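Engineer: Contents of work19.cif (mmCIF, C-alpha atoms):
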```cif
data_model
#
loop_
_atom_site.label_atom_id
_atom_site.label_comp_id
_atom_site.auth_asym_id
_atom_site.auth_seq_id
_atom_site.Cartn_x
_atom_site.Cartn_y
_atom_site.Cartn_z
CA MET J 1 -36.25 -42.91 -105.22
CA LYS J 2 -40.03 -42.74 -105.20
CA GLU J 3 -40.16 -45.65 -102.77
CA LEU J 4 -37.74 -43.93 -100.43
CA ILE J 5 -39.84 -40.76 -100.34
CA LEU J 6 -42.97 -42.80 -99.71
CA LEU J 7 -41.16 -44.66 -96.92
CA ALA J 8 -40.08 -41.39 -95.31
CA VAL J 9 -43.55 -39.82 -95.50
CA GLY J 10 -45.12 -43.04 -94.28
CA ALA J 11 -42.83 -43.31 -91.27
CA ALA J 12 -43.02 -39.63 -90.34
CA ILE J 13 -46.70 -38.86 -90.80
CA VAL J 14 -48.95 -41.72 -91.84
CA ASN J 15 -47.74 -44.31 -89.33
CA ASN J 16 -46.74 -41.71 -86.78
CA VAL J 17 -44.61 -43.34 -84.11
CA VAL J 18 -46.51 -41.83 -81.19
CA LEU J 19 -50.03 -41.40 -82.48
CA SER J 20 -50.49 -44.68 -84.27
CA GLN J 21 -47.71 -46.98 -83.02
CA PHE J 22 -47.77 -45.88 -79.37
CA LEU J 23 -43.99 -45.85 -78.98
CA GLY J 24 -42.38 -43.14 -76.88
CA ILE J 25 -45.58 -42.29 -75.02
CA CYS J 26 -43.62 -41.46 -71.85
CA PRO J 27 -41.70 -38.43 -73.15
CA PHE J 28 -44.69 -37.50 -75.33
CA LEU J 29 -46.87 -37.04 -72.25
CA GLY J 30 -44.17 -36.20 -69.70
CA VAL J 31 -42.02 -33.60 -71.47
CA SER J 32 -44.65 -31.75 -73.52
CA LYS J 33 -45.59 -28.92 -71.18
CA LYS J 34 -43.61 -26.25 -73.02
CA THR J 35 -42.80 -25.92 -76.71
CA GLU J 36 -39.11 -25.26 -76.05
CA THR J 37 -38.57 -28.34 -73.93
CA ALA J 38 -40.63 -30.38 -76.37
CA ALA J 39 -38.49 -29.21 -79.29
CA GLY J 40 -35.33 -30.04 -77.31
CA MET J 41 -36.61 -33.53 -76.57
CA GLY J 42 -37.69 -33.99 -80.18
CA GLY J 43 -34.26 -32.89 -81.41
CA ALA J 44 -32.51 -35.29 -79.06
CA VAL J 45 -34.76 -38.13 -80.21
CA ILE J 46 -34.00 -37.41 -83.88
CA PHE J 47 -30.28 -37.41 -83.08
CA VAL J 48 -30.31 -40.63 -81.06
CA ILE J 49 -32.68 -42.64 -83.27
CA THR J 50 -30.81 -41.76 -86.47
CA ILE J 51 -27.44 -42.70 -85.00
CA SER J 52 -28.66 -45.87 -83.34
CA SER J 53 -30.49 -47.01 -86.50
CA PHE J 54 -27.18 -46.70 -88.32
CA ILE J 55 -25.09 -48.45 -85.68
CA THR J 56 -27.57 -51.28 -85.08
CA ALA J 57 -27.95 -51.84 -88.83
CA LEU J 58 -24.15 -52.13 -89.09
CA ILE J 59 -24.02 -54.53 -86.16
CA TYR J 60 -26.81 -56.64 -87.60
CA LYS J 61 -25.21 -56.89 -91.01
CA PHE J 62 -21.55 -57.34 -90.06
CA ILE J 63 -21.65 -59.05 -86.67
CA LEU J 64 -24.94 -60.78 -85.95
CA THR J 65 -25.67 -62.18 -89.43
CA PRO J 66 -22.19 -63.63 -90.20
CA LEU J 67 -22.08 -65.28 -86.77
CA HIS J 68 -25.71 -66.53 -87.09
CA ILE J 69 -26.70 -65.04 -83.76
CA GLU J 70 -29.57 -62.90 -85.01
CA TYR J 71 -31.66 -64.13 -82.09
CA LEU J 72 -29.52 -62.09 -79.71
CA LYS J 73 -30.62 -58.85 -81.34
CA THR J 74 -32.86 -57.64 -78.49
CA ILE J 75 -30.09 -58.02 -75.91
CA VAL J 76 -27.37 -56.58 -78.15
CA TYR J 77 -29.50 -53.64 -79.31
CA ILE J 78 -30.60 -52.50 -75.87
CA LEU J 79 -27.04 -52.55 -74.55
CA VAL J 80 -25.63 -50.86 -77.64
CA ILE J 81 -28.27 -48.14 -77.49
CA ALA J 82 -27.69 -47.50 -73.78
CA ALA J 83 -23.93 -47.31 -74.25
CA LEU J 84 -24.28 -45.21 -77.39
CA VAL J 85 -26.41 -42.59 -75.66
CA GLN J 86 -23.88 -42.28 -72.83
CA PHE J 87 -21.08 -42.00 -75.36
CA VAL J 88 -22.90 -39.40 -77.46
CA GLU J 89 -23.58 -37.41 -74.32
CA MET J 90 -19.90 -37.41 -73.35
CA PHE J 91 -18.81 -36.60 -76.91
CA LEU J 92 -21.20 -33.65 -77.21
CA LYS J 93 -20.22 -32.30 -73.81
CA LYS J 94 -16.55 -32.29 -74.78
CA SER J 95 -16.58 -31.24 -78.42
CA LEU J 96 -19.90 -29.57 -79.27
CA PRO J 97 -20.86 -27.66 -76.12
CA ALA J 98 -23.44 -25.53 -77.97
CA LEU J 99 -25.40 -28.55 -79.14
CA TYR J 100 -24.96 -30.14 -75.73
CA GLN J 101 -26.54 -27.09 -74.12
CA SER J 102 -29.72 -27.55 -76.12
CA LEU J 103 -29.98 -31.36 -76.24
CA GLY J 104 -27.82 -32.57 -73.38
CA VAL J 105 -30.33 -32.88 -70.58
CA TYR J 106 -32.71 -34.85 -72.76
CA LEU J 107 -30.23 -37.44 -73.95
CA PRO J 108 -30.18 -39.66 -70.85
CA LEU J 109 -33.97 -39.61 -70.76
CA ILE J 110 -34.10 -41.54 -74.01
CA THR J 111 -31.56 -44.21 -73.13
CA THR J 112 -34.22 -46.86 -72.91
CA ASN J 113 -37.04 -45.03 -74.61
CA CYS J 114 -39.09 -47.70 -76.34
CA ALA J 115 -39.21 -45.75 -79.60
CA VAL J 116 -35.45 -46.16 -80.12
CA LEU J 117 -35.43 -49.91 -79.60
CA GLY J 118 -38.73 -50.20 -81.49
CA VAL J 119 -37.37 -48.51 -84.61
CA CYS J 120 -34.19 -50.59 -84.61
CA LEU J 121 -36.16 -53.83 -84.29
CA THR J 122 -38.63 -52.75 -86.99
CA ASN J 123 -35.69 -52.12 -89.34
CA VAL J 124 -34.73 -55.76 -88.88
CA THR J 125 -38.26 -57.14 -89.26
CA LYS J 126 -38.82 -55.18 -92.45
CA GLU J 127 -35.40 -56.25 -93.76
CA TYR J 128 -34.20 -52.74 -94.53
CA GLY J 129 -30.61 -52.22 -95.68
CA ILE J 130 -28.28 -49.83 -93.88
CA GLY J 131 -29.23 -46.70 -95.85
CA THR J 132 -32.94 -47.44 -95.68
CA SER J 133 -32.67 -48.12 -91.94
CA VAL J 134 -31.11 -44.70 -91.37
CA LEU J 135 -33.82 -43.05 -93.48
CA ASN J 136 -36.56 -44.95 -91.65
CA GLY J 137 -35.03 -44.03 -88.29
CA PHE J 138 -34.70 -40.37 -89.17
CA SER J 139 -38.23 -40.05 -90.53
CA THR J 140 -39.77 -41.93 -87.62
CA ALA J 141 -37.98 -39.60 -85.22
CA LEU J 142 -39.12 -36.62 -87.28
CA GLY J 143 -42.67 -37.87 -86.79
CA PHE J 144 -42.02 -37.92 -83.04
CA PHE J 145 -40.69 -34.36 -83.22
CA ILE J 146 -43.78 -33.16 -85.11
CA ALA J 147 -46.16 -34.86 -82.68
CA ILE J 148 -44.49 -33.67 -79.48
CA VAL J 149 -44.12 -30.06 -80.66
CA ILE J 150 -47.78 -29.88 -81.76
CA MET J 151 -48.81 -31.42 -78.44
CA ALA J 152 -46.77 -28.89 -76.47
CA GLY J 153 -48.29 -26.04 -78.47
CA ILE J 154 -51.80 -27.25 -77.70
CA ARG J 155 -50.98 -27.79 -74.02
CA GLU J 156 -49.71 -24.23 -73.69
CA LYS J 157 -53.13 -23.04 -74.92
CA ILE J 158 -55.05 -25.50 -72.74
CA GLU J 159 -53.39 -23.98 -69.64
CA TYR J 160 -55.78 -21.04 -69.87
CA ASN J 161 -58.93 -23.08 -70.48
CA ASP J 162 -61.59 -24.01 -68.00
CA ILE J 163 -61.40 -27.79 -67.91
CA PRO J 164 -63.75 -29.94 -65.78
CA LYS J 165 -61.92 -30.84 -62.57
CA THR J 166 -62.02 -34.57 -63.24
CA PHE J 167 -60.28 -34.18 -66.58
CA GLN J 168 -57.53 -31.82 -65.46
CA GLY J 169 -53.98 -33.06 -65.86
CA THR J 170 -53.31 -36.29 -67.70
CA ALA J 171 -56.88 -36.98 -68.83
CA ILE J 172 -57.22 -33.88 -70.98
CA VAL J 173 -53.77 -34.51 -72.46
CA LEU J 174 -54.92 -37.98 -73.51
CA ILE J 175 -58.11 -36.56 -75.06
CA THR J 176 -55.90 -34.12 -76.98
CA ALA J 177 -53.73 -37.03 -78.12
CA CYS J 178 -56.89 -38.84 -79.26
CA LEU J 179 -58.00 -35.88 -81.39
CA MET J 180 -54.48 -35.49 -82.82
CA SER J 181 -54.48 -39.18 -83.65
CA ILE J 182 -57.81 -38.80 -85.48
CA ALA J 183 -56.36 -35.86 -87.40
CA PHE J 184 -53.28 -37.89 -88.37
CA MET J 185 -55.54 -40.72 -89.56
CA GLY J 186 -56.56 -38.32 -92.30
CA PHE J 187 -53.12 -38.82 -93.84
CA SER J 188 -53.62 -42.55 -94.24
CA GLY J 189 -55.00 -42.12 -97.77
CA MET J 190 -51.69 -40.57 -98.88
CA ILE J 191 -49.80 -43.78 -99.56
CA MET E 1 -52.28 -61.27 -43.56
CA ASN E 2 -49.74 -63.74 -44.87
CA LYS E 3 -46.83 -61.82 -46.40
CA ASN E 4 -47.04 -63.63 -49.76
CA VAL E 5 -50.79 -63.09 -50.04
CA GLU E 6 -50.21 -59.47 -49.11
CA ARG E 7 -47.85 -59.16 -52.12
CA LEU E 8 -50.54 -60.55 -54.44
CA TYR E 9 -53.17 -58.18 -53.02
CA ASN E 10 -50.72 -55.28 -53.34
CA GLY E 11 -50.04 -56.01 -57.02
CA ILE E 12 -53.57 -56.77 -58.16
CA ILE E 13 -55.57 -54.20 -56.17
CA LYS E 14 -53.68 -51.77 -53.97
CA GLU E 15 -50.89 -50.79 -56.36
CA ASN E 16 -52.37 -52.09 -59.61
CA PRO E 17 -49.81 -51.07 -62.24
CA THR E 18 -52.40 -50.07 -64.84
CA PHE E 19 -55.16 -48.45 -62.83
CA VAL E 20 -53.39 -47.04 -59.79
CA LEU E 21 -49.71 -46.57 -60.67
CA MET E 22 -50.32 -45.95 -64.41
CA LEU E 23 -47.14 -47.72 -65.46
CA GLY E 24 -46.33 -49.38 -68.78
CA MET E 25 -48.49 -47.09 -70.86
CA CYS E 26 -46.98 -47.94 -74.26
CA PRO E 27 -48.18 -51.58 -74.28
CA THR E 28 -51.41 -50.55 -72.53
CA LEU E 29 -52.29 -48.30 -75.44
CA ALA E 30 -50.85 -50.44 -78.19
CA VAL E 31 -52.10 -53.98 -77.66
CA THR E 32 -55.54 -53.51 -76.13
CA SER E 33 -57.47 -53.42 -79.39
CA SER E 34 -58.91 -56.79 -78.37
CA ALA E 35 -59.22 -58.60 -75.06
CA ILE E 36 -57.24 -61.60 -76.28
CA ASN E 37 -54.27 -59.41 -77.28
CA GLY E 38 -54.40 -57.68 -73.90
CA LEU E 39 -54.50 -61.03 -72.13
CA GLY E 40 -51.59 -62.39 -74.19
CA MET E 41 -49.44 -59.33 -73.58
CA GLY E 42 -50.33 -59.30 -69.87
CA LEU E 43 -49.45 -62.96 -69.41
CA SER E 44 -46.17 -62.74 -71.31
CA THR E 45 -45.18 -59.70 -69.25
CA THR E 46 -46.15 -61.64 -66.11
CA VAL E 47 -43.88 -64.54 -67.04
CA VAL E 48 -40.95 -62.19 -67.67
CA LEU E 49 -41.65 -60.29 -64.47
CA ILE E 50 -41.80 -63.41 -62.28
CA LEU E 51 -38.59 -64.84 -63.73
CA SER E 52 -36.72 -61.54 -63.66
CA ASN E 53 -37.76 -60.92 -60.04
CA LEU E 54 -36.63 -64.44 -59.20
CA LEU E 55 -33.23 -64.10 -60.86
CA ILE E 56 -32.54 -60.57 -59.69
CA SER E 57 -33.51 -61.44 -56.13
CA ALA E 58 -31.32 -64.54 -56.26
CA PHE E 59 -28.33 -62.57 -57.54
CA ARG E 60 -28.95 -59.46 -55.47
CA LYS E 61 -25.90 -60.01 -53.27
CA VAL E 62 -23.62 -60.89 -56.21
CA ILE E 63 -24.35 -58.03 -58.61
CA PRO E 64 -22.11 -55.04 -57.82
CA ASN E 65 -24.08 -51.89 -57.15
CA GLY E 66 -22.35 -49.83 -59.85
CA VAL E 67 -23.33 -52.06 -62.76
CA ARG E 68 -26.69 -53.26 -61.49
CA MET E 69 -28.76 -51.54 -64.21
CA PRO E 70 -26.90 -53.09 -67.17
CA ALA E 71 -26.99 -56.42 -65.33
CA TYR E 72 -30.77 -56.18 -64.85
CA ILE E 73 -31.23 -55.20 -68.49
CA VAL E 74 -29.25 -58.23 -69.69
CA ILE E 75 -31.29 -60.54 -67.46
CA VAL E 76 -34.61 -59.06 -68.60
CA ALA E 77 -33.61 -58.99 -72.27
CA SER E 78 -32.58 -62.66 -72.19
CA LEU E 79 -35.88 -63.64 -70.58
CA VAL E 80 -37.83 -61.60 -73.12
CA THR E 81 -35.98 -63.30 -75.97
CA ILE E 82 -36.87 -66.71 -74.54
CA VAL E 83 -40.54 -65.75 -74.09
CA GLN E 84 -40.59 -64.36 -77.63
CA PHE E 85 -39.36 -67.65 -79.12
CA VAL E 86 -41.76 -69.73 -77.01
CA MET E 87 -44.64 -67.57 -78.25
CA GLU E 88 -43.51 -67.77 -81.87
CA ALA E 89 -43.48 -71.55 -81.57
CA TYR E 90 -46.71 -72.20 -79.68
CA THR E 91 -48.96 -69.17 -80.30
CA PRO E 92 -47.87 -67.91 -83.74
CA SER E 93 -51.02 -65.87 -84.42
CA LEU E 94 -50.85 -64.04 -81.08
CA SER E 95 -47.14 -63.46 -81.55
CA ALA E 96 -47.83 -62.01 -85.01
CA SER E 97 -50.50 -59.63 -83.75
CA LEU E 98 -48.39 -58.40 -80.82
CA GLY E 99 -45.39 -57.98 -83.13
CA VAL E 100 -42.66 -55.63 -81.98
CA TYR E 101 -44.33 -55.09 -78.60
CA ILE E 102 -43.07 -58.46 -77.33
CA PRO E 103 -39.35 -57.58 -77.55
CA LEU E 104 -40.29 -54.15 -76.20
CA ILE E 105 -41.24 -55.79 -72.87
CA VAL E 106 -37.53 -55.16 -72.14
CA VAL E 107 -38.16 -51.45 -71.75
CA ASN E 108 -41.47 -51.83 -69.90
CA CYS E 109 -40.99 -49.68 -66.82
CA ILE E 110 -42.92 -52.10 -64.58
CA ILE E 111 -40.21 -54.74 -64.95
CA LEU E 112 -37.12 -52.63 -64.29
CA GLY E 113 -39.13 -50.68 -61.71
CA ARG E 114 -39.93 -53.82 -59.70
CA ALA E 115 -36.37 -55.05 -60.09
CA GLU E 116 -34.97 -51.83 -58.71
CA SER E 117 -37.53 -51.10 -56.01
CA TYR E 118 -38.44 -54.60 -54.80
CA ALA E 119 -36.55 -57.62 -56.07
CA SER E 120 -33.10 -56.15 -55.45
CA LYS E 121 -33.90 -55.73 -51.74
CA ASN E 122 -36.10 -58.69 -50.84
CA PRO E 123 -35.82 -62.49 -50.51
CA ILE E 124 -36.61 -64.79 -53.43
CA VAL E 125 -40.05 -66.12 -52.47
CA LEU E 126 -41.47 -62.69 -51.67
CA SER E 127 -40.04 -61.34 -54.94
CA ILE E 128 -41.71 -64.13 -56.90
CA PHE E 129 -45.06 -63.34 -55.29
CA ASP E 130 -44.48 -59.66 -55.98
CA GLY E 131 -43.92 -60.56 -59.64
CA ILE E 132 -47.07 -62.70 -59.75
CA GLY E 133 -49.14 -59.94 -58.11
CA MET E 134 -47.85 -57.11 -60.28
CA GLY E 135 -48.03 -59.24 -63.42
CA LEU E 136 -51.61 -60.33 -62.78
CA GLY E 137 -52.54 -56.75 -61.94
CA PHE E 138 -51.14 -55.67 -65.30
CA THR E 139 -52.95 -58.56 -67.05
CA VAL E 140 -56.26 -57.61 -65.43
CA GLY E 141 -55.73 -54.00 -66.51
CA LEU E 142 -54.88 -54.81 -70.13
CA THR E 143 -57.62 -57.41 -70.49
CA SER E 144 -60.34 -55.16 -69.12
CA ILE E 145 -59.31 -52.23 -71.32
CA GLY E 146 -59.22 -54.68 -74.24
CA LEU E 147 -62.72 -55.93 -73.38
CA VAL E 148 -64.15 -52.39 -73.36
CA ARG E 149 -62.51 -51.46 -76.66
CA GLU E 150 -63.46 -54.71 -78.37
CA PHE E 151 -67.06 -54.48 -77.11
CA LEU E 152 -67.60 -50.91 -78.26
CA GLY E 153 -65.50 -51.15 -81.39
CA ALA E 154 -66.66 -54.48 -82.80
CA GLY E 155 -69.48 -55.73 -80.56
CA GLN E 156 -67.31 -58.72 -79.63
CA LEU E 157 -65.99 -60.23 -76.43
CA PHE E 158 -62.86 -62.40 -76.78
CA GLY E 159 -63.59 -62.67 -80.50
CA HIS E 160 -67.21 -63.84 -80.12
CA GLN E 161 -69.89 -61.64 -81.62
CA VAL E 162 -72.16 -60.66 -78.69
CA LEU E 163 -73.97 -57.70 -80.19
CA SER E 164 -75.71 -58.63 -83.41
CA LEU E 165 -74.53 -56.54 -86.34
CA ASP E 166 -78.15 -56.42 -87.55
CA TRP E 167 -78.91 -53.57 -85.19
CA PHE E 168 -75.52 -52.61 -83.72
CA THR E 169 -73.21 -50.38 -85.71
CA PRO E 170 -69.70 -50.91 -84.31
CA ILE E 171 -67.96 -47.72 -83.20
CA THR E 172 -64.87 -48.74 -85.15
CA ILE E 173 -62.79 -45.84 -83.82
CA PHE E 174 -62.47 -47.71 -80.50
CA VAL E 175 -60.41 -50.51 -82.01
CA MET E 176 -58.24 -48.02 -83.89
CA ALA E 177 -55.43 -45.86 -82.51
CA PRO E 178 -57.50 -42.85 -81.32
CA GLY E 179 -59.80 -45.16 -79.34
CA ALA E 180 -56.85 -46.24 -77.20
CA PHE E 181 -56.16 -42.66 -76.12
CA LEU E 182 -59.87 -42.00 -75.56
CA VAL E 183 -60.47 -45.05 -73.37
CA LEU E 184 -57.34 -44.31 -71.35
CA ALA E 185 -58.40 -40.67 -70.91
CA PHE E 186 -61.74 -41.76 -69.44
CA LEU E 187 -59.97 -44.34 -67.30
CA VAL E 188 -57.70 -41.64 -65.87
CA ALA E 189 -60.70 -39.35 -65.30
CA GLY E 190 -62.60 -42.17 -63.57
CA MET E 191 -59.59 -42.90 -61.38
CA ASN E 192 -59.49 -39.19 -60.45
CA ILE E 193 -63.05 -39.47 -59.11
CA ILE E 194 -62.27 -42.67 -57.19
CA ARG E 195 -59.08 -41.12 -55.84
CA LYS E 196 -61.03 -38.14 -54.52
CA LYS E 197 -63.61 -40.39 -52.83
CA MET E 198 -60.93 -42.49 -51.19
CA ASP E 199 -59.18 -39.32 -50.01
CA ALA E 200 -62.43 -38.14 -48.42
CA LYS E 201 -62.75 -41.52 -46.69
CA GLY E 202 -59.23 -41.12 -45.34
CA LYS E 203 -57.89 -44.11 -47.29
CA PRO E 204 -55.87 -42.46 -50.07
CA LEU E 205 -54.76 -44.56 -53.04
CA ALA E 206 -51.12 -44.80 -54.01
CA ALA E 207 -50.15 -41.88 -56.22
CA PRO E 208 -49.73 -42.55 -59.93
CA SER E 209 -46.09 -42.66 -60.82
CA GLY E 210 -43.97 -43.05 -63.89
CA CYS E 211 -44.47 -41.87 -67.41
CA LEU E 212 -47.84 -40.16 -67.29
CA THR E 213 -46.98 -37.89 -64.42
CA GLY E 214 -43.46 -37.14 -65.56
CA ASP E 215 -42.37 -38.45 -62.18
CA CYS E 216 -38.94 -39.99 -62.28
CA ALA E 217 -38.68 -41.45 -58.80
CA SER E 218 -40.48 -44.69 -59.62
CA CYS E 219 -38.87 -45.17 -63.00
CA GLY E 220 -36.59 -48.18 -63.25
CA GLN E 221 -34.15 -46.18 -65.30
CA SER E 222 -33.82 -43.36 -62.81
CA ALA E 223 -30.56 -44.77 -61.51
CA MET E 224 -28.68 -44.12 -64.73
CA CYS E 225 -30.64 -41.07 -65.78
CA THR E 226 -29.33 -37.60 -65.17
CA GLY E 227 -32.11 -35.81 -67.00
CA LYS E 228 -34.56 -35.54 -64.11
CA LYS E 229 -34.49 -31.77 -64.21
CA ALA E 230 -35.76 -31.64 -67.77
CA LYS E 231 -38.87 -33.55 -66.86
CA THR E 232 -39.84 -31.52 -63.87
CA GLU E 233 -39.41 -28.17 -65.58
#
```
Would you mind giving the structure from this file in structure tokens?

Structural biologist:
Amino acid sequence: MKELILLAVGAAIVNNVVLSQFLGICPFLGVSKKTETAAGMGGAVIFVITISSFITALIYKFILTPLHIEYLKTIVYILVIAALVQFVEMFLKKSLPALYQSLGVYLPLITTNCAVLGVCLTNVTKEYGIGTSVLNGFSTALGFFIAIVIMAGIREKIEYNDIPKTFQGTAIVLITACLMSIAFMGFSGMI
Amino acid sequence: MNKNVERLYNGIIKENPTFVLMLGMCPTLAVTSSAINGLGMGLSTTVVLILSNLLISAFRKVIPNGVRMPAYIVIVASLVTIVQFVMEAYTPSLSASLGVYIPLIVVNCIILGRAESYASKNPIVLSIFDGIGMGLGFTVGLTSIGLVREFLGAGQLFGHQVLSLDWFTPITIFVMAPGAFLVLAFLVAGMNIIRKKMDAKGKPLAAPSGCLTGDCASCGQSAMCTGKKAKTE
């Protein structure tokens, strides 16, 4: 149990997926102008990464390993994730319209988000079982959620600041990311 | 200018994926903690890009329009798997330090972007040169960012100690995660200045596209993405 908690904290905060692993930089910088949109994106990422960690772990254990075709995992995973996102989108639209309203538009954006594929491949490299994979996926995505919401909050404040012309736009966002990353390094003593 | 040479010039200078178009930011940030890692990542991406441009251009009349994205992804993913195994066999230490970022070449937006915007519309030879140009442009970008970070963060160039540790205290933060964001921020700011100067001269640079700007048009995945509205909001 203790190991699982440590794994969750480690994946969510200490080795934050955006700020120390550099996965999912695109949505982190592109969709973080407003807190609401950022939270929507974060929610969609949690949803997709958790589900795809589960599905890919199942596929790895029950299809790829018995057939000894583990080397096909990159190809299989990327296709499964792309199809899964489309399927989830259709399913939500039909049966859970309320959830679809809040997450729907963000789902297709993450079809080939590198964080999703990255987490699934890491689960394999670290030889996690199915349950542990789901936990790792969920906590990694939670880390993404935390990072993107904090970033959006800071960017809303930055709007009103007087930034040197050269640094306006992407540059100041990257400086912000740098400072956030330094702050998150402070957690590294935790585990 | 010869059309093939023009492709090389376009990829390395005019539309350099790292400096001008600002594409492929995940690997740019992640693997540039040393010049050798940047070089390795750049070259492996180049190999995948050349081969994927070649194959996609060769099959461009065979692949039905409706399923072209999945088809491209399968082609790219197969090539990446091959490159990954070659690297594991011949450069095990580099492959270990690049880790998960090698399979993640599949989702590098430069590759699908070039497939969609160039290779699927142009003849084979031109597409190969486009791949070489773009790939080398990316390699130059990653290697130079790696050189800066390694120099400031460890006083080394390609692993050789150039600044003596007797008097130089390495600014270790540059080889750690925050340093990547910091160097990229100054790179973007520097490009803003250059961009302004070129505008004044009447020779504007190509606009940055892709992830950093939240611009979907250049993204290789835009064809199967319906979430464009969310990004522009």

Engineer: For the provided coordinates, the residues matched by the PyMOL selection byres ((chain J) within 8 of (chain E)) should be stated as number ranges by chain.

Structural biologist: J: 19-27, 29-31, 37, 71-72, 74-75, 78-79, 105-109, 112-114, 117-118, 121-122, 166-167, 170-175, 177-179, 181-182

Engineer: Go through J:Leu92, J:Tyr100, J:Gly131, J:Lys33 and flag the residue nearest Ile158 (chain J), using only C-alpha atoms for the distances.

Structural biologist: J:Lys33

Engineer: What does the distance between CA of Ile154 (chain J) and CA of Val45 (chain J) come to in Å, to one decimal place?

Structural biologist: 20.4 Å

Engineer: Find the residues near Val162 (chain E): any atom within 12 Å, counting only C-alpha atoms, skip ones fewer than 5 places away on the same chain, and give them as a PyMOL selection string.

Structural biologist: chain E and resi 147+150-157+167-168+170

Engineer: So what does the PyMOL selection byres ((chain E and resi 124) around 10) actually pick up in this one, as a list in words?

Structural biologist: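 Selection result, ordered by chain and number: Asn53, Leu54, Leu55, Ile56, Ser57, Ala58, Phe59, Arg60, Ala119, Ser120, Lys121, Asn122, Pro123, Val125, Leu126, Ser127, Ile128, Phe129 and Asp130 of chain E.
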
Engineer: Using only C-alpha atoms, please write the residues we just selected to a file, as a short mmCIF file (atom, residue, chain, number, x, y, z; two decimals), in the coordinates of the input.

Structural biologist:
```
data_model
loop_
_atom_site.label_atom_id
_atom_site.label_comp_id
_atom_site.auth_asym_id
_atom_site.auth_seq_id
_atom_site.Cartn_x
_atom_site.Cartn_y
_atom_site.Cartn_z
CA ASN E 53 -37.76 -60.92 -60.04
CA LEU E 54 -36.63 -64.44 -59.20
CA LEU E 55 -33.23 -64.10 -60.86
CA ILE E 56 -32.54 -60.57 -59.69
CA SER E 57 -33.51 -61.44 -56.13
CA ALA E 58 -31.32 -64.54 -56.26
CA PHE E 59 -28.33 -62.57 -57.54
CA ARG E 60 -28.95 -59.46 -55.47
CA ALA E 119 -36.55 -57.62 -56.07
CA SER E 120 -33.10 -56.15 -55.45
CA LYS E 121 -33.90 -55.73 -51.74
CA ASN E 122 -36.10 -58.69 -50.84
CA PRO E 123 -35.82 -62.49 -50.51
CA VAL E 125 -40.05 -66.12 -52.47
CA LEU E 126 -41.47 -62.69 -51.67
CA SER E 127 -40.04 -61.34 -54.94
CA ILE E 128 -41.71 -64.13 -56.90
CA PHE E 129 -45.06 -63.34 -55.29
CA ASP E 130 -44.48 -59.66 -55.98
#
```

Engineer: Tell me which protein, DNA and RNA residues are within 8 Å of Val134 (chain J), counting all atoms listed in the file, leaving out same-chain ones fewer than 6 positions away, and put them as a list in words.

Structural biologist: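 Residues near the query, excluding close chain neighbours: Thr50, Ile51, Ser53 and Phe54 of chain J.
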